[in-house]
$ cat data02.txt   # compact mmCIF, C-alpha atoms
# COMPACT_ATOMS: atom_id res chain seq x y z
CA MET A 167 -6.70 14.91 3.56
CA GLU A 168 -5.25 16.88 0.66
CA TRP A 169 -3.76 14.82 -2.15
CA TRP A 170 -2.93 17.85 -4.27
CA LYS A 171 -1.75 21.26 -3.17
CA ASN A 172 -0.93 24.11 -5.52
CA GLY A 173 -0.95 21.70 -8.47
CA ILE A 174 1.61 19.39 -6.82
CA MET A 175 0.91 15.81 -5.81
CA LYS A 176 1.39 15.35 -2.05
CA ASP A 177 0.31 11.72 -1.63
CA ILE A 178 0.08 8.55 -3.67
CA ILE A 179 -3.21 6.70 -3.29
CA LEU A 180 -3.29 2.91 -3.69
CA LYS A 181 -6.21 0.52 -3.75
CA ILE A 182 -5.26 -2.75 -2.07
CA TYR A 183 -7.00 -6.11 -1.92
CA LEU A 184 -5.62 -7.82 1.20
CA GLN A 185 -5.50 -11.57 1.69
CA PRO A 186 -4.70 -12.27 5.37
CA LYS A 187 -3.52 -15.59 6.86
CA SER A 188 -1.52 -16.38 3.72
CA SER A 189 1.54 -18.61 3.58
CA LYS A 190 3.87 -15.61 3.03
CA ASN A 191 4.00 -11.82 2.87
CA GLU A 192 4.08 -10.66 -0.74
CA ILE A 193 2.76 -8.19 -3.25
CA VAL A 194 1.04 -10.40 -5.82
CA GLY A 195 0.37 -7.81 -8.51
CA PRO A 196 -2.54 -6.07 -10.23
CA TYR A 197 -5.97 -7.24 -9.10
CA ARG A 198 -9.33 -5.73 -10.08
CA ASP A 199 -8.71 -1.98 -9.94
CA GLY A 200 -5.85 -2.17 -7.44
CA ILE A 201 -3.05 -4.35 -6.10
CA LYS A 202 -3.39 -7.74 -4.40
CA VAL A 203 -1.24 -8.25 -1.30
CA ARG A 204 -0.90 -11.42 0.77
CA ILE A 205 -0.06 -11.21 4.48
CA THR A 206 0.66 -14.02 6.96
CA ALA A 207 -0.93 -12.15 9.88
CA PRO A 208 -4.55 -12.90 10.82
CA PRO A 209 -7.22 -10.20 10.50
CA ILE A 210 -7.50 -9.89 14.28
CA GLU A 211 -6.96 -6.70 16.30
CA GLY A 212 -5.39 -4.88 13.34
CA LYS A 213 -2.50 -7.35 12.96
CA ALA A 214 -3.04 -7.79 9.21
CA ASN A 215 -3.24 -4.01 8.72
CA GLN A 216 0.00 -3.50 10.65
CA ALA A 217 1.73 -6.20 8.60
CA LEU A 218 0.45 -4.61 5.38
CA ILE A 219 1.84 -1.22 6.37
CA ARG A 220 5.22 -2.75 7.31
CA LEU A 221 5.43 -4.65 4.00
CA LEU A 222 4.54 -1.65 1.84
CA SER A 223 6.83 0.71 3.74
CA LYS A 224 9.74 -1.70 3.30
CA GLU A 225 8.95 -2.37 -0.37
CA PHE A 226 8.62 1.32 -1.25
CA SER A 227 11.42 2.61 1.04
CA VAL A 228 9.26 4.87 3.21
CA THR A 229 8.67 4.86 6.95
CA PRO A 230 5.59 3.04 8.29
CA SER A 231 4.21 6.37 9.51
CA GLN A 232 4.05 7.54 5.88
CA VAL A 233 1.60 4.74 4.97
CA GLN A 234 -1.98 5.26 6.16
CA ILE A 235 -5.14 3.27 5.65
CA ILE A 236 -7.71 5.89 4.73
CA LYS A 237 -10.56 3.51 3.92
CA GLY A 238 -11.31 -0.15 4.71
CA ARG A 239 -9.70 -0.78 8.10
CA ARG A 240 -12.05 -3.74 8.66
CA SER A 241 -12.30 -4.84 5.05
CA ARG A 242 -10.12 -6.76 2.62
CA GLU A 243 -10.49 -3.90 0.17
CA LYS A 244 -8.50 -0.91 1.36
CA THR A 245 -7.46 2.50 0.16
CA LEU A 246 -4.04 3.62 1.34
CA SER A 247 -2.14 6.86 1.19
CA ILE A 248 1.64 7.08 0.99
CA SER A 249 2.69 10.59 1.93
CA GLY A 250 5.58 12.74 2.88
CA SER A 251 8.03 11.26 0.42
CA LYS A 252 10.44 13.89 -0.87
CA ASN A 253 10.39 12.19 -4.25
CA LEU A 254 6.84 11.11 -5.08
CA VAL A 255 7.73 10.73 -8.76
CA GLY A 256 10.47 8.26 -7.83
CA LEU A 257 8.06 6.42 -5.54
CA SER A 258 5.46 6.32 -8.30
CA ASP A 259 8.11 4.90 -10.66
CA ARG A 260 9.02 2.18 -8.10
CA ILE A 261 5.36 1.19 -7.76
CA THR A 262 4.91 1.07 -11.55
CA SER A 263 8.11 -0.93 -11.99
CA LEU A 264 7.05 -3.43 -9.33
CA LEU A 265 3.63 -3.93 -10.92
CA LEU A 266 5.10 -4.39 -14.38
CA ARG A 267 7.54 -6.96 -13.03
CA LEU A 268 4.74 -8.88 -11.29
CA ASN A 269 2.27 -8.70 -14.15
$ encode --input "data02.txt" --output "structure tokens"
Amino acid sequence: MEWWKNGIMKDIILKIYLQPKSSKNEIVGPYRDGIKVRITAPPIEGKANQALIRLLSKEFSVTPSQVQIIKGRRSREKTLSISGSKNLVGLSDRITSLLLRLN
């Protein structure tokens, strides 16, 4: 996977700490060296991963196919890629704004 091409950022990489079987779906805020996210779905048969992708795609106004888990499919600690956005700078600003609001 190429994150940079010709000096231009193609993807945004996020580190996520996932807490499945929570009381609600929410982005909690900064946690360790990433972002903590709570999901109501159980960590069975990829349900929590699917719920995470749906939540992040809705929150950041991208399609679910643009959000990929690139590391940690069976772990609470995940690395995700958000790609294909025509305005990655705007997406980066939305992520920063969200984290500042939650912090």
$ closest_residue --input "data02.txt" --among "A:Ser227, A:Asn191, A:Gln185, A:Gln232" --to "Pro209 in chain A" --atoms "all atoms listed in the file"
A:Gln185
$ residues_around --input "data02.txt" --residues "Arg204 in chain A" --least-positions-apart "2" --cutoff "12 Å" --atoms "only C-alpha atoms" --output "ChimeraX atom specification"
/A:182-195,197,201-202,206-209,214-215,217-219,221-222,242
$ write_last_selection --input "data02.txt" --atoms "C-alpha atoms" --output "mmCIF file, in the coordinates of the input"
data_model
loop_
_atom_site.group_PDB
_atom_site.id
_atom_site.type_symbol
_atom_site.label_atom_id
_atom_site.label_comp_id
_atom_site.auth_asym_id
_atom_site.auth_seq_id
_atom_site.Cartn_x
_atom_site.Cartn_y
_atom_site.Cartn_z
ATOM 1 C CA ILE A 182 -5.260 -2.750 -2.070
ATOM 2 C CA TYR A 183 -7.000 -6.110 -1.920
ATOM 3 C CA LEU A 184 -5.620 -7.820 1.200
ATOM 4 C CA GLN A 185 -5.500 -11.570 1.690
ATOM 5 C CA PRO A 186 -4.700 -12.270 5.370
ATOM 6 C CA LYS A 187 -3.520 -15.590 6.860
ATOM 7 C CA SER A 188 -1.520 -16.380 3.720
ATOM 8 C CA SER A 189 1.540 -18.610 3.580
ATOM 9 C CA LYS A 190 3.870 -15.610 3.030
ATOM 10 C CA ASN A 191 4.000 -11.820 2.870
ATOM 11 C CA GLU A 192 4.080 -10.660 -0.740
ATOM 12 C CA ILE A 193 2.760 -8.190 -3.250
ATOM 13 C CA VAL A 194 1.040 -10.400 -5.820
ATOM 14 C CA GLY A 195 0.370 -7.810 -8.510
ATOM 15 C CA TYR A 197 -5.970 -7.240 -9.100
ATOM 16 C CA ILE A 201 -3.050 -4.350 -6.100
ATOM 17 C CA LYS A 202 -3.390 -7.740 -4.400
ATOM 18 C CA THR A 206 0.660 -14.020 6.960
ATOM 19 C CA ALA A 207 -0.930 -12.150 9.880
ATOM 20 C CA PRO A 208 -4.550 -12.900 10.820
ATOM 21 C CA PRO A 209 -7.220 -10.200 10.500
ATOM 22 C CA ALA A 214 -3.040 -7.790 9.210
ATOM 23 C CA ASN A 215 -3.240 -4.010 8.720
ATOM 24 C CA ALA A 217 1.730 -6.200 8.600
ATOM 25 C CA LEU A 218 0.450 -4.610 5.380
ATOM 26 C CA ILE A 219 1.840 -1.220 6.370
ATOM 27 C CA LEU A 221 5.430 -4.650 4.000
ATOM 28 C CA LEU A 222 4.540 -1.650 1.840
ATOM 29 C CA ARG A 242 -10.120 -6.760 2.620
#
$ residues_around --input "data02.txt" --residues "Ile235 in chain A" --least-positions-apart "6" --cutoff "7 Å" --atoms "only C-alpha atoms" --output "PDB file with C-alpha atoms, in the coordinates of the input"
ATOM      1  CA  LYS A 244      -8.500  -0.910   1.360  1.00  0.00           C
ATOM      2  CA  THR A 245      -7.460   2.500   0.160  1.00  0.00           C
ATOM      3  CA  LEU A 246      -4.040   3.620   1.340  1.00  0.00           C
ATOM      4  CA  SER A 247      -2.140   6.860   1.190  1.00  0.00           C
TER       5      SER A 247
END
$ closest_residue --input "data02.txt" --among "A:Leu180, A:Leu264, A:Leu257, A:Ile210" --to "Arg240 in chain A" --atoms "all atoms listed in the file"
A:Ile210
$ atom_distance --input "data02.txt" --atom1 "CA of Arg267 in chain A" --atom2 "CA of Lys213 in chain A"
27.9 Å
$ closest_residue --input "data02.txt" --among "A:Arg260, A:Pro196, A:Ile248, A:Ile178" --to "Ser223 in chain A" --atoms "all atoms listed in the file"
A:Ile248
